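**Q** Before we start, here is the structure in question, set down as structure tokens.
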Amino acid sequence: GPSSPKYNLDWNDYYDYDIIVEFMEELANDYEFVNVVSIGKSYEGQDMKVIQITKAGDGAPNVWIEAGIHAREWIAPAVATYVIRELIENYDDHPEYLDSLNFHFLPCANPDGYQFSRNEQRLWRKTRSDTGSSLGCKGVDPNRNFDYAFGESGVSNDKCSDIYPGPEAFSEIETRNIRDYTSSLSPTPVIAKALHSAAELWLYPYGYALDTYPENVDEIRALGEECVEALNAVNGMNFVNQHSAGLYPAAGDANDWYTGVLKARFTYTVELRDQGYGFLLPPEQIIDSSVEIWAAYEVLFSKAIEVS
Ligand code: 0X9
Ligand code: ZN
């Protein structure tokens with residue numbers, strides 16, 4: 001009826017993984033150009049669900065957006081679902097995006113860790129795999145587990161550490177699933193992005209070492225600058241566009257792999273709002289955080305159309 005909400009979630013709170021999946025499946029039911037697919041199981045056997053928004057049709061440029069690879073960064077999946085809803089439900093405000101680009105969102109890239117953070121340990125970061133630790137420490141930092149300069153910086157071989165990169169690149173099923181799905185996309189994504197929190201940064205590659213850049217860094221940096229200008233104009237934030245390794249060098253992150261191996265053209269890791277709360281951003285800030293990111297995404301998507 002008219003008083004019943006349209007979705008099983010809103011943007012006034014954070015939600016469990018199954019609710020996020022239901023939200024995506026509801027959109028897939030309502031729109032023929034929307035599909036939800038599993039890109040494989042997590043370590044604990046949960047399906048990793050991607051929502052495909054492919055109104056533009058075969059051969060159109062692909063956009064890949066991954067969120068929540070770090071379990072405790074709850075704002076990242078929340079913003080991803082907002083962007084998904086905006087693209088689809090408010091199509092009439094910006095038809096060019098869906099008409100021109102195919103979108104692939106993985107709103108919760110680490111569902112085991114996310115639910116562990118929801119239910120057991122709020123500040124959990126890693127996957128939940130068995131590492132063989134004699135101390136019983138579980139999990140690998142999935143944002144150190146990708147095969148680009150693996151292990152070279154910003155890691156610890158202590159299995160109890162939050163930045164344990166795993167025994168080898170792609171030791172984690174979650175990162176392998178992301179690798180295999182993104183590699184299967186044709187054409188290669190023009191944009192590949194990772195949503196994290198909480199440092200209010202728009203990070204461009206590379207992240208593994210200082211003074212290392214892809215050959216097209218100038219266009220990546222320039223577009224990043226336009227993105228943060230649009231973002232900051234919405235709510236007066238002070239996000240900064242900067243070199244990823246300038247935050248701290250850390251090897252094996254998803255974005256370096258999207259850049260150096262997948263060869264996506266525009267690649268960024270975004271660190272969402274902090275506002276003094278770190279990973280514990282109050283849910284009252286989900287909408288403001290999402291609206292400002294949407295403004296940046298309009299710049300990004302418009303550029304993807306322009307260059308394609
Ligand atoms: O350390 C990370 O993986 C990211 N920060 S977070 O607080 N979300 O964990 C930053 C990734 C940026 N990449 C590199 N500096 N390589
Ligand atoms: Zn993170």
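Ligands are numbered from 1 in the order shown, residues from 1 within each chain, and chains are lettered A, B, ... in the order they appear in the structure tokens.
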Can you tell me, as a ChimeraX atom specification, which residues in region 154-289 of chain A count as alpha helix (DSSP H) by DSSP?
**A** /A:173-184,217-235,244-247,254-257,286-289
**Q** Write out the residues from the selection above, keeping N, CA and C atoms, as a compact mmCIF listing (two decimals), in the first residue's frame.
**A**
# COMPACT_ATOMS: atom_id res chain seq x y z
N ILE A 173 39.59 -16.56 -1.54
CA ILE A 173 38.55 -16.83 -2.55
C ILE A 173 37.84 -15.54 -2.97
N GLU A 174 37.69 -14.61 -2.02
CA GLU A 174 36.98 -13.35 -2.34
C GLU A 174 37.76 -12.54 -3.38
N THR A 175 39.07 -12.45 -3.22
CA THR A 175 39.85 -11.66 -4.20
C THR A 175 39.95 -12.40 -5.53
N ARG A 176 40.00 -13.73 -5.48
CA ARG A 176 39.99 -14.49 -6.74
C ARG A 176 38.68 -14.28 -7.49
N ASN A 177 37.58 -14.27 -6.76
CA ASN A 177 36.28 -14.03 -7.42
C ASN A 177 36.25 -12.66 -8.09
N ILE A 178 36.79 -11.66 -7.42
CA ILE A 178 36.83 -10.31 -8.01
C ILE A 178 37.74 -10.31 -9.23
N ARG A 179 38.90 -10.93 -9.10
CA ARG A 179 39.82 -11.03 -10.24
C ARG A 179 39.13 -11.68 -11.45
N ASP A 180 38.47 -12.82 -11.21
CA ASP A 180 37.91 -13.59 -12.32
C ASP A 180 36.74 -12.84 -12.97
N TYR A 181 35.91 -12.23 -12.14
CA TYR A 181 34.75 -11.52 -12.71
C TYR A 181 35.19 -10.30 -13.50
N THR A 182 36.05 -9.48 -12.93
CA THR A 182 36.45 -8.24 -13.63
C THR A 182 37.23 -8.58 -14.89
N SER A 183 38.02 -9.65 -14.86
CA SER A 183 38.79 -10.07 -16.05
C SER A 183 37.88 -10.54 -17.17
N SER A 184 36.70 -11.02 -16.79
CA SER A 184 35.77 -11.56 -17.80
C SER A 184 34.99 -10.46 -18.52
N VAL A 217 48.67 8.77 -15.76
CA VAL A 217 48.34 9.38 -14.46
C VAL A 217 47.82 10.80 -14.60
N ASP A 218 48.27 11.53 -15.61
CA ASP A 218 47.83 12.92 -15.73
C ASP A 218 46.31 13.02 -15.90
N GLU A 219 45.75 12.16 -16.75
CA GLU A 219 44.29 12.23 -16.94
C GLU A 219 43.55 11.67 -15.73
N ILE A 220 44.16 10.68 -15.06
CA ILE A 220 43.52 10.13 -13.85
C ILE A 220 43.50 11.19 -12.75
N ARG A 221 44.62 11.85 -12.56
CA ARG A 221 44.72 12.88 -11.52
C ARG A 221 43.80 14.05 -11.81
N ALA A 222 43.77 14.48 -13.06
CA ALA A 222 42.94 15.63 -13.43
C ALA A 222 41.46 15.32 -13.21
N LEU A 223 41.04 14.13 -13.56
CA LEU A 223 39.64 13.76 -13.35
C LEU A 223 39.34 13.63 -11.86
N GLY A 224 40.27 13.08 -11.11
CA GLY A 224 40.11 13.00 -9.66
C GLY A 224 39.91 14.38 -9.04
N GLU A 225 40.64 15.35 -9.55
CA GLU A 225 40.52 16.72 -9.07
C GLU A 225 39.10 17.26 -9.32
N GLU A 226 38.59 17.02 -10.51
CA GLU A 226 37.22 17.44 -10.82
C GLU A 226 36.21 16.73 -9.92
N CYS A 227 36.47 15.47 -9.64
CA CYS A 227 35.55 14.70 -8.78
C CYS A 227 35.49 15.29 -7.37
N VAL A 228 36.64 15.58 -6.78
CA VAL A 228 36.60 16.11 -5.41
C VAL A 228 36.04 17.52 -5.37
N GLU A 229 36.25 18.30 -6.43
CA GLU A 229 35.64 19.64 -6.46
C GLU A 229 34.12 19.53 -6.42
N ALA A 230 33.59 18.62 -7.23
CA ALA A 230 32.13 18.42 -7.25
C ALA A 230 31.65 17.88 -5.90
N LEU A 231 32.39 16.94 -5.35
CA LEU A 231 32.03 16.32 -4.06
C LEU A 231 32.00 17.38 -2.95
N ASN A 232 33.09 18.15 -2.85
CA ASN A 232 33.20 19.11 -1.76
C ASN A 232 32.17 20.23 -1.86
N ALA A 233 31.75 20.53 -3.08
CA ALA A 233 30.78 21.62 -3.27
C ALA A 233 29.41 21.29 -2.67
N VAL A 234 29.11 20.02 -2.51
CA VAL A 234 27.76 19.63 -2.06
C VAL A 234 27.52 19.98 -0.59
N ASN A 235 28.43 19.53 0.27
CA ASN A 235 28.23 19.72 1.71
C ASN A 235 29.40 20.42 2.41
N SER A 244 47.91 7.60 -4.09
CA SER A 244 47.55 6.58 -3.10
C SER A 244 48.71 6.25 -2.15
N ALA A 245 49.88 6.05 -2.70
CA ALA A 245 51.02 5.70 -1.84
C ALA A 245 51.39 6.86 -0.92
N GLY A 246 50.93 8.07 -1.23
CA GLY A 246 51.18 9.21 -0.36
C GLY A 246 50.46 9.10 0.97
N LEU A 247 49.38 8.34 1.00
CA LEU A 247 48.70 8.05 2.28
C LEU A 247 49.64 7.17 3.11
N ALA A 254 43.50 -3.68 -4.24
CA ALA A 254 42.67 -3.98 -5.41
C ALA A 254 42.91 -2.95 -6.51
N ASN A 255 43.03 -1.70 -6.11
CA ASN A 255 43.11 -0.63 -7.11
C ASN A 255 44.39 -0.71 -7.94
N ASP A 256 45.49 -1.10 -7.32
CA ASP A 256 46.73 -1.26 -8.09
C ASP A 256 46.57 -2.38 -9.12
N TRP A 257 45.87 -3.42 -8.73
CA TRP A 257 45.64 -4.52 -9.67
C TRP A 257 44.71 -4.08 -10.79
N ILE A 286 24.68 8.84 6.41
CA ILE A 286 24.71 8.02 5.18
C ILE A 286 24.23 8.82 3.98
N ILE A 287 23.13 9.53 4.15
CA ILE A 287 22.55 10.23 2.99
C ILE A 287 23.46 11.37 2.53
N ASP A 288 23.91 12.19 3.46
CA ASP A 288 24.82 13.28 3.05
C ASP A 288 26.07 12.73 2.39
N SER A 289 26.61 11.67 2.95
CA SER A 289 27.81 11.06 2.39
C SER A 289 27.54 10.53 0.98
**Q** Dump the neighbourhood of ligand 2 as a list in words: all residues within 10 Å, distances computed on only C-alpha atoms and all ligand atoms.
**A** Ala67, Gly68, Ile69, His70, Ala71, Arg72, Glu73, Trp74, Ala76, Arg125, Lys126, Asp141, Pro142, Asn143, Ala194, Leu195, His196, Ser197, Ala198, Ala199, Asp253, Thr269, Val270, Glu271, Leu272 and Phe279 of chain A
**Q** Export, as a tab-separated table (two decimals), in the first residue's frame, the selected residues with N, CA and C atoms.
**A**
chain	number	residue	atom	x	y	z
A	67	ALA	N	32.78	-2.27	-3.16
A	67	ALA	CA	32.70	-1.60	-1.86
A	67	ALA	C	32.75	-2.62	-0.75
A	68	GLY	N	33.23	-2.18	0.40
A	68	GLY	CA	33.14	-3.02	1.58
A	68	GLY	C	34.12	-4.17	1.63
A	69	ILE	N	35.24	-4.04	0.93
A	69	ILE	CA	36.23	-5.12	1.01
A	69	ILE	C	36.83	-5.17	2.41
A	70	HIS	N	36.80	-4.04	3.12
A	70	HIS	CA	37.15	-4.02	4.55
A	70	HIS	C	35.86	-4.06	5.37
A	71	ALA	N	35.79	-5.08	6.22
A	71	ALA	CA	34.54	-5.43	6.89
A	71	ALA	C	33.91	-4.28	7.68
A	72	ARG	N	34.74	-3.54	8.40
A	72	ARG	CA	34.21	-2.54	9.35
A	72	ARG	C	33.81	-1.23	8.70
A	73	GLU	N	34.05	-1.06	7.42
A	73	GLU	CA	33.81	0.22	6.75
A	73	GLU	C	32.38	0.26	6.21
A	74	TRP	N	31.44	0.23	7.13
A	74	TRP	CA	30.03	0.03	6.79
A	74	TRP	C	29.46	1.10	5.87
A	76	ALA	N	30.67	2.17	3.24
A	76	ALA	CA	30.96	1.88	1.82
A	76	ALA	C	29.82	1.09	1.15
A	125	ARG	N	38.34	-6.25	10.22
A	125	ARG	CA	38.71	-5.69	8.91
A	125	ARG	C	38.84	-6.75	7.82
A	126	LYS	N	39.38	-7.90	8.17
A	126	LYS	CA	39.87	-8.86	7.17
A	126	LYS	C	38.79	-9.84	6.71
A	141	ASP	N	44.07	-9.58	5.03
A	141	ASP	CA	43.62	-8.28	4.52
A	141	ASP	C	43.42	-8.40	3.01
A	142	PRO	N	42.17	-8.40	2.56
A	142	PRO	CA	41.94	-8.59	1.12
A	142	PRO	C	42.50	-7.44	0.28
A	143	ASN	N	42.69	-6.29	0.91
A	143	ASN	CA	43.26	-5.17	0.17
A	143	ASN	C	44.79	-5.14	0.22
A	194	ALA	N	37.22	1.40	-5.90
A	194	ALA	CA	37.04	0.74	-4.62
A	194	ALA	C	36.56	1.77	-3.61
A	195	LEU	N	35.48	1.44	-2.89
A	195	LEU	CA	34.96	2.34	-1.85
A	195	LEU	C	35.37	1.82	-0.48
A	196	HIS	N	36.05	2.71	0.27
A	196	HIS	CA	36.51	2.43	1.63
A	196	HIS	C	36.11	3.60	2.53
A	197	SER	N	36.44	3.48	3.83
A	197	SER	CA	36.43	4.63	4.72
A	197	SER	C	37.62	4.44	5.69
A	198	ALA	N	38.08	5.45	6.40
A	198	ALA	CA	37.42	6.74	6.54
A	198	ALA	C	38.51	7.81	6.60
A	199	ALA	N	38.87	8.38	5.49
A	199	ALA	CA	39.93	9.39	5.51
A	199	ALA	C	39.63	10.57	4.60
A	253	ASP	N	46.95	-3.90	-3.15
A	253	ASP	CA	45.56	-3.45	-3.03
A	253	ASP	C	44.81	-3.66	-4.34
A	269	THR	N	40.72	4.59	-5.43
A	269	THR	CA	40.22	4.16	-4.13
A	269	THR	C	39.67	5.40	-3.45
A	270	VAL	N	38.42	5.34	-3.02
A	270	VAL	CA	37.86	6.48	-2.29
A	270	VAL	C	37.73	6.12	-0.82
A	271	GLU	N	38.24	7.01	0.01
A	271	GLU	CA	38.07	6.90	1.46
A	271	GLU	C	36.95	7.84	1.85
A	272	LEU	N	35.81	7.27	2.25
A	272	LEU	CA	34.63	8.06	2.56
A	272	LEU	C	34.78	8.81	3.89
A	279	PHE	N	35.74	4.63	11.61
A	279	PHE	CA	34.89	3.63	10.96
A	279	PHE	C	33.46	3.63	11.51
**Q** Which of these, A:Tyr97, A:Phe146, A:Tyr277, A:Trp64, has the shortest distance to Glu306 (chain A) once you count only C-alpha atoms?
**A**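 Using only C-alpha atoms, the shortest distance to Glu306 (chain A) belongs to A:Tyr97.
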**Q** Would you kindly return, as a PyMOL selection string, each protein, DNA or RNA residue with an atom no farther than 6 Å from any atom of region 29-44 of chain A, considering only C-alpha atoms and excluding same-chain residues fewer than 5 positions away?
**A** chain A and resi 49-55+174+177
**Q** Applying 9 Å and only C-alpha atoms, which residues near Glu168 (chain A) remain after dropping the ones on its own chain fewer than 6 positions away? List them as a count of residues only.
**A** 5
**Q** Interatomic distance between CA of Tyr15 (chain A) and CA of Glu66 (chain A)?
**A** 17.1 Å
**Q** What are the DSSP strand (DSSP E) residues of region 72-222 of chain A, as an MDAnalysis selection string?
**A** chainID A and resid 102:106 191:197 201:204
**Q** Would you work out the distance separating CA of Trp294 (chain A) from CA of Thr212 (chain A), expressed in Å to one decimal?
**A**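 If I compute the distance from CA of Trp294 (chain A) to CA of Thr212 (chain A), I get 28.8 Å.
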**Q** Between A:Tyr248, A:Tyr148, A:Phe239, A:Phe170, which residue has the minimum interatomic distance to ligand 1, considering only C-alpha atoms and all ligand atoms?
**A** A:Tyr248
